[in-house]
$ cat input.cif   # mmCIF, C-alpha atoms and all ligand atoms
data_data
#
loop_
_atom_site.label_atom_id
_atom_site.label_comp_id
_atom_site.auth_asym_id
_atom_site.auth_seq_id
_atom_site.Cartn_x
_atom_site.Cartn_y
_atom_site.Cartn_z
CA MET A 197 28.62 -38.82 -15.41
CA LYS A 198 30.90 -40.59 -17.87
CA ASN A 199 34.56 -40.98 -16.99
CA ASN A 200 35.51 -37.96 -19.15
CA ARG A 201 34.54 -35.66 -16.27
CA PRO A 202 36.60 -32.47 -16.14
CA LYS A 203 39.57 -32.15 -13.81
CA LEU A 204 40.87 -28.88 -12.44
CA GLU A 205 43.83 -27.95 -14.64
CA THR A 206 46.99 -26.94 -12.78
CA THR A 207 49.35 -26.28 -15.71
CA THR A 208 49.41 -23.84 -18.64
CA LEU A 209 48.94 -26.65 -21.18
CA TRP A 210 45.32 -27.73 -21.42
CA ASP A 211 44.94 -30.84 -23.46
CA PHE A 212 41.32 -31.89 -23.80
CA PRO A 213 40.53 -34.96 -25.91
CA THR A 214 36.87 -33.99 -26.44
CA GLN A 215 34.73 -30.86 -26.59
CA ASN A 216 32.27 -31.99 -23.95
CA TYR A 217 32.06 -33.74 -20.57
CA GLY A 218 29.41 -35.59 -18.59
CA ASP A 219 26.08 -36.80 -19.94
CA ARG A 220 24.47 -33.46 -20.67
CA PRO A 221 25.32 -31.36 -23.74
CA HIS A 222 27.08 -28.00 -23.34
CA GLY A 223 26.59 -25.85 -26.41
CA ASP A 224 26.36 -27.71 -29.71
CA ASN A 225 29.19 -29.87 -31.07
CA LYS A 226 27.89 -29.28 -34.57
CA PHE A 227 28.33 -25.50 -34.21
CA ASN A 228 31.34 -24.51 -36.31
CA GLY A 229 33.79 -22.91 -33.84
CA VAL A 230 32.25 -24.33 -30.64
CA THR A 231 34.33 -23.84 -27.47
CA PRO A 232 35.46 -26.94 -25.53
CA ALA A 233 33.17 -27.02 -22.48
CA PHE A 234 36.13 -28.13 -20.31
CA VAL A 235 37.80 -24.76 -20.85
CA ILE A 236 34.82 -22.86 -19.44
CA TRP A 237 34.32 -25.39 -16.60
CA ASN A 238 37.92 -24.90 -15.50
CA LEU A 239 37.71 -21.11 -15.59
CA LEU A 240 34.44 -20.98 -13.65
CA GLN A 241 35.82 -23.34 -11.00
CA ARG A 242 38.86 -21.17 -10.44
CA TYR A 243 37.54 -17.62 -10.83
CA THR A 244 33.86 -17.72 -9.74
CA LYS A 245 31.64 -19.01 -6.96
CA GLU A 246 27.97 -20.02 -6.80
CA GLY A 247 25.61 -17.11 -7.47
CA ASP A 248 28.24 -15.03 -9.35
CA LEU A 249 27.18 -13.36 -12.61
CA VAL A 250 28.99 -14.74 -15.67
CA VAL A 251 28.70 -13.03 -19.10
CA ASP A 252 29.64 -14.26 -22.58
CA PRO A 253 29.29 -11.43 -25.15
CA MET A 254 29.74 -13.78 -28.16
CA CYS A 255 28.26 -17.01 -26.87
CA GLY A 256 27.68 -18.87 -30.17
CA SER A 257 25.86 -22.14 -29.45
CA GLY A 258 25.57 -21.36 -25.71
CA THR A 259 28.36 -23.45 -24.15
CA THR A 260 29.03 -20.82 -21.45
CA ILE A 261 25.33 -20.68 -20.53
CA ASP A 262 25.11 -24.45 -20.09
CA VAL A 263 28.31 -24.83 -18.04
CA ALA A 264 27.51 -21.81 -15.85
CA LYS A 265 23.97 -23.00 -15.09
CA GLU A 266 25.21 -26.47 -14.19
CA LEU A 267 27.60 -24.86 -11.69
CA ASN A 268 24.82 -22.65 -10.19
CA ARG A 269 26.25 -19.40 -11.53
CA ARG A 270 23.95 -16.69 -12.91
CA VAL A 271 24.68 -16.21 -16.61
CA ILE A 272 23.87 -13.94 -19.57
CA GLY A 273 24.83 -15.01 -23.09
CA TYR A 274 24.74 -12.56 -25.98
CA ASP A 275 25.43 -13.04 -29.67
CA ILE A 276 24.96 -10.96 -32.82
CA ALA A 277 23.14 -13.98 -34.35
CA PRO A 278 21.46 -15.97 -31.52
CA TYR A 279 21.57 -19.73 -32.05
CA ARG A 280 18.97 -20.52 -29.35
CA ASP A 281 16.11 -18.77 -27.53
CA ASP A 282 18.01 -18.18 -24.29
CA ILE A 283 20.73 -16.16 -26.11
CA ILE A 284 20.10 -12.38 -26.26
CA GLN A 285 20.70 -10.65 -29.59
CA ASN A 286 23.36 -7.97 -29.05
CA ASP A 287 26.52 -6.48 -30.53
CA ALA A 288 29.49 -7.14 -28.22
CA ARG A 289 30.77 -3.61 -28.86
CA LYS A 290 27.88 -2.22 -26.75
CA ILE A 291 26.81 -4.51 -23.91
CA PRO A 292 23.53 -3.49 -22.18
CA LEU A 293 24.86 -3.89 -18.62
CA LYS A 294 25.90 -1.39 -15.96
CA ASP A 295 29.54 -0.52 -15.20
CA ASN A 296 31.20 -2.76 -12.58
CA SER A 297 28.32 -5.27 -12.46
CA VAL A 298 29.76 -8.61 -13.67
CA ASP A 299 31.89 -11.21 -11.84
CA PHE A 300 33.45 -13.02 -14.81
CA VAL A 301 33.52 -12.72 -18.61
CA PHE A 302 34.38 -15.49 -21.03
CA ILE A 303 34.72 -14.80 -24.75
CA ASP A 304 35.72 -16.95 -27.73
CA SER A 305 35.71 -14.36 -30.52
CA PRO A 306 36.17 -14.87 -34.27
CA TYR A 307 39.89 -15.20 -35.18
CA SER A 308 39.42 -13.78 -38.67
CA ASN A 309 36.88 -14.36 -41.45
CA ASN A 310 37.77 -18.09 -41.70
CA ILE A 311 34.36 -19.31 -40.36
CA LYS A 312 30.97 -18.06 -41.52
CA TYR A 313 28.82 -17.52 -38.43
CA SER A 314 25.96 -15.49 -39.88
CA ASP A 315 24.84 -13.00 -42.53
CA HIS A 316 24.48 -10.25 -39.94
CA PRO A 317 26.28 -7.11 -41.18
CA MET A 318 27.74 -6.42 -37.70
CA ASP A 319 29.30 -9.91 -37.42
CA ILE A 320 33.02 -9.27 -36.71
CA GLY A 321 33.72 -12.70 -38.21
CA LYS A 322 33.16 -11.11 -41.61
CA ILE A 323 36.33 -9.01 -41.26
CA SER A 324 39.72 -10.54 -42.14
CA CYS A 325 42.48 -10.30 -39.52
CA GLU A 326 44.65 -9.16 -42.43
CA LYS A 327 42.95 -5.77 -41.89
CA GLU A 328 43.66 -3.54 -38.88
CA GLU A 329 39.91 -2.92 -38.72
CA PHE A 330 39.49 -6.45 -37.29
CA PHE A 331 41.62 -5.55 -34.25
CA ASP A 332 40.03 -2.08 -33.91
CA GLU A 333 36.59 -3.68 -33.63
CA LEU A 334 37.77 -6.29 -31.10
CA GLU A 335 39.37 -3.49 -29.05
CA LYS A 336 35.87 -1.98 -28.70
CA VAL A 337 34.73 -5.35 -27.31
CA ALA A 338 37.70 -5.43 -24.88
CA LYS A 339 36.78 -1.95 -23.58
CA GLU A 340 33.18 -3.01 -23.00
CA ILE A 341 34.31 -6.10 -21.09
CA TYR A 342 36.52 -3.87 -18.93
CA ARG A 343 33.62 -1.49 -18.28
CA ILE A 344 31.11 -4.15 -17.13
CA LEU A 345 33.53 -6.18 -14.97
CA LYS A 346 33.63 -5.47 -11.24
CA PRO A 347 37.02 -4.24 -9.99
CA GLN A 348 39.53 -7.04 -9.32
CA LYS A 349 37.45 -9.55 -11.34
CA VAL A 350 38.78 -11.68 -14.17
CA MET A 351 38.05 -12.29 -17.86
CA ALA A 352 39.30 -14.96 -20.28
CA TRP A 353 39.62 -14.64 -24.07
CA LEU A 354 40.16 -17.68 -26.32
CA ILE A 355 41.86 -16.87 -29.61
CA GLY A 356 43.87 -18.59 -32.36
CA ASP A 357 46.52 -17.50 -34.87
CA HIS A 358 46.17 -17.40 -38.64
CA TRP A 359 48.07 -18.43 -41.74
CA ARG A 360 47.10 -17.74 -45.35
CA LYS A 361 49.12 -18.33 -48.47
CA LYS A 362 48.78 -14.67 -49.51
CA SER A 363 49.36 -12.88 -46.20
CA GLY A 364 51.52 -15.48 -44.39
CA PHE A 365 51.44 -15.76 -40.60
CA ILE A 366 49.40 -13.30 -38.51
CA PRO A 367 49.94 -13.60 -34.72
CA VAL A 368 46.31 -12.87 -33.84
CA GLY A 369 46.83 -14.12 -30.27
CA PHE A 370 49.74 -11.73 -29.59
CA LYS A 371 47.85 -8.84 -31.15
CA ILE A 372 44.81 -9.47 -28.95
CA TYR A 373 47.13 -9.84 -25.94
CA SER A 374 48.67 -6.43 -26.61
CA ILE A 375 45.21 -4.83 -26.87
CA LEU A 376 44.09 -6.43 -23.60
CA GLU A 377 47.29 -5.38 -21.84
CA LYS A 378 46.33 -1.72 -22.36
CA TYR A 379 43.37 -2.17 -20.01
CA PHE A 380 43.96 -5.25 -17.88
CA LYS A 381 46.67 -6.89 -15.76
CA PRO A 382 47.81 -10.24 -17.16
CA VAL A 383 47.00 -13.25 -14.97
CA ASP A 384 48.22 -16.02 -17.29
CA VAL A 385 48.33 -17.33 -20.85
CA ILE A 386 47.25 -20.94 -21.44
CA ALA A 387 47.86 -23.06 -24.55
CA VAL A 388 44.71 -25.07 -25.32
CA SER A 389 45.65 -27.93 -27.62
CA ARG A 390 43.34 -28.65 -30.52
CA HIS A 391 42.66 -32.38 -30.63
CA ASN A 392 39.72 -32.21 -32.98
CA GLN A 393 41.20 -29.72 -35.38
CA THR A 394 39.90 -30.34 -38.88
CA SER A 395 43.38 -29.87 -40.37
CA ASN A 396 44.79 -32.88 -38.50
CA THR A 397 44.69 -35.14 -41.58
CA PRO A 398 47.43 -36.60 -43.84
CA PHE A 399 46.22 -34.28 -46.64
CA TRP A 400 46.86 -31.13 -44.55
CA HIS A 401 50.16 -32.41 -43.12
CA GLU A 402 51.35 -32.96 -46.71
CA ARG A 403 50.26 -29.43 -47.71
CA ALA A 404 51.98 -27.94 -44.64
CA LYS A 405 55.27 -29.53 -45.77
CA ARG A 406 54.85 -28.60 -49.42
CA TYR A 407 53.92 -24.93 -48.81
CA ASN A 408 56.17 -24.55 -45.74
CA PHE A 409 53.71 -23.55 -43.04
CA TYR A 410 52.73 -25.05 -39.67
CA LEU A 411 49.27 -26.40 -38.90
CA ARG A 412 47.78 -24.56 -35.94
CA GLY A 413 47.83 -27.06 -33.06
CA PHE A 414 46.73 -24.80 -30.20
CA LYS A 415 44.80 -21.71 -29.21
CA TYR A 416 45.66 -19.09 -26.60
CA LEU A 417 43.51 -18.65 -23.54
CA ILE A 418 44.42 -15.18 -22.28
CA ILE A 419 43.41 -14.55 -18.66
CA MET A 420 43.28 -10.93 -17.50
CA GLN A 421 42.21 -9.04 -14.39
CA LYS A 422 40.58 -5.61 -14.04
CA VAL A 423 42.78 -3.97 -11.46
CA ILE A 424 41.74 -0.64 -9.95
CA LYS A 425 44.55 0.97 -8.00
C1 LIG A 501 33.87 -18.75 -31.90
S1 LIG A 501 32.16 -18.39 -31.91
C2 LIG A 501 31.69 -18.59 -30.23
C3 LIG A 501 31.54 -20.06 -29.88
C4 LIG A 501 30.83 -20.30 -28.54
N1 LIG A 501 31.70 -20.00 -27.42
C5 LIG A 501 30.33 -21.73 -28.45
O1 LIG A 501 30.84 -22.51 -27.64
O2 LIG A 501 29.45 -22.09 -29.24
C6 LIG A 501 32.13 -16.63 -32.14
C7 LIG A 501 30.75 -15.99 -32.09
O3 LIG A 501 30.90 -14.57 -32.19
C8 LIG A 501 29.69 -14.07 -32.71
N2 LIG A 501 29.86 -12.65 -33.12
C9 LIG A 501 30.52 -12.16 -34.18
N3 LIG A 501 30.44 -10.81 -34.21
C10 LIG A 501 29.74 -10.44 -33.11
C11 LIG A 501 29.35 -9.18 -32.56
N4 LIG A 501 29.64 -8.02 -33.16
N5 LIG A 501 28.66 -9.18 -31.40
C12 LIG A 501 28.31 -10.35 -30.78
N6 LIG A 501 28.63 -11.58 -31.25
C13 LIG A 501 29.36 -11.62 -32.40
C14 LIG A 501 29.38 -15.03 -33.85
O4 LIG A 501 28.01 -14.95 -34.22
C15 LIG A 501 29.79 -16.39 -33.21
O5 LIG A 501 28.66 -17.03 -32.67
#

$ encode --input "input.cif" --output "structure tokens" --more "lines below"
Ligand SMILES: C[S@@+](CC[C@H](N)C(=O)[O-])C[C@H]1O[C@@H](n2cnc3c(N)ncnc32)[C@H](O)[C@@H]1O
Amino acid sequence: MKNNRPKLETTTLWDFPTQNYGDRPHGDNKFNGVTPAFVIWNLLQRYTKEGDLVVDPMCGSGTTIDVAKELNRRVIGYDIAPYRDDIIQNDARKIPLKDNSVDFVFIDSPYSNNIKYSDHPMDIGKISCEKEEFFDELEKVAKEIYRILKPQKVMAWLIGDHWRKKSGFIPVGFKIYSILEKYFKPVDVIAVSRHNQTSNTPFWHERAKRYNFYLRGFKYLIIMQKVIK
């Protein structure tokens, strides 16, 4: 292993200099919107044990699959547009698993229609977060995650905010939090700093000053528990 091995985070500010760790790849760095593997490593260390079943309903380039396998967890990765053979084609609004059957769910959903993931008509990343429909569709995903999780188990949702010249600021993270709060008990909210953000250039800093907006420097990692009283 290289010296960029992950360390167990103990604060609510997670500041990872790179997407990956170790010598083996986790997901694909070239995938637009890839999740930092450190984030998933940290969550699996804290909330799962060997043999647990981990599910990612929108697993993109497969980062969750790779980290989970390395840690000897069982794992199922779904995506509407599978990027590799070990990813099962499925719409996250209807997950083909039984109620109360999963130990941990990780999801890094689209934040709006800012990244093109696929041409699939059911890709939620085609809907702008300027429309309420975007949040209605993600609420269906939240309900499915709640259904498949075993009681007392935990899920984590990575999400970022949005700014557009026309619509201004949209607090996507807070909106997703308020949806999740309807079903789950909050465990914590983490700020994951974005070292490799593409907007971290002099050009974008100049634009941010000129048009009076802030460059997005972090994402929310919302951690929630399915509590059955
Ligand atoms: C931010 S990416 C996930 C990145 C992934 N965690 C990784 O590390 O590569 C969001 C993913 O959501 C998928 N997606 C969008 N709509 C979906 C839907 N209705 N059901 C399942 N997956 C969907 C996209 O195809 C995309 O791969």

$ atom_distance --input "input.cif" --atom1 "atom C4 of ligand LIG 501 (chain A)" --atom2 "CA of Pro232 in chain A"
8.6 Å

$ residues_near_ligand --input "input.cif" --ligand "ligand LIG 501 (chain A)" --cutoff "6 Å" --atoms "all atoms listed in the file" --output "list in words"
Gly223, Gly229, Val230, Thr231, Pro253, Met254, Cys255, Gly256, Ser257, Gly258, Thr259, Asp275, Ile276, Ala277, Asn286, Asp287, Ala288, Asp304, Ser305, Pro306, Tyr313, Met318, Asp319, Ile320 and Gly321 of chain A

$ atom_distance --input "input.cif" --atom1 "CA of Leu240 in chain A" --atom2 "CA of Arg412 in chain A"
26.2 Å

$ atom_distance --input "input.cif" --atom1 "CA of Gly273 in chain A" --atom2 "CA of Ile261 in chain A"
6.2 Å

$ closest_residue --input "input.cif" --among "A:Arg343, A:Arg280, A:Arg403, A:Lys322" --to "Ser308 in chain A" --atoms "only C-alpha atoms"
A:Lys322

$ residues_around --input "input.cif" --residues "Asn408 in chain A" --least-positions-apart "4" --cutoff "12 Å" --atoms "only C-alpha atoms" --output "MDAnalysis selection string"
chainID A and resid 359:361 364:365 400:404

$ residues_near_point --input "input.cif" --point "(37.7, -9.7, -42.7)" --cutoff "12 Å" --atoms "only C-alpha atoms" --output "NGL selection string"
:A and (306-312 or 317-333)
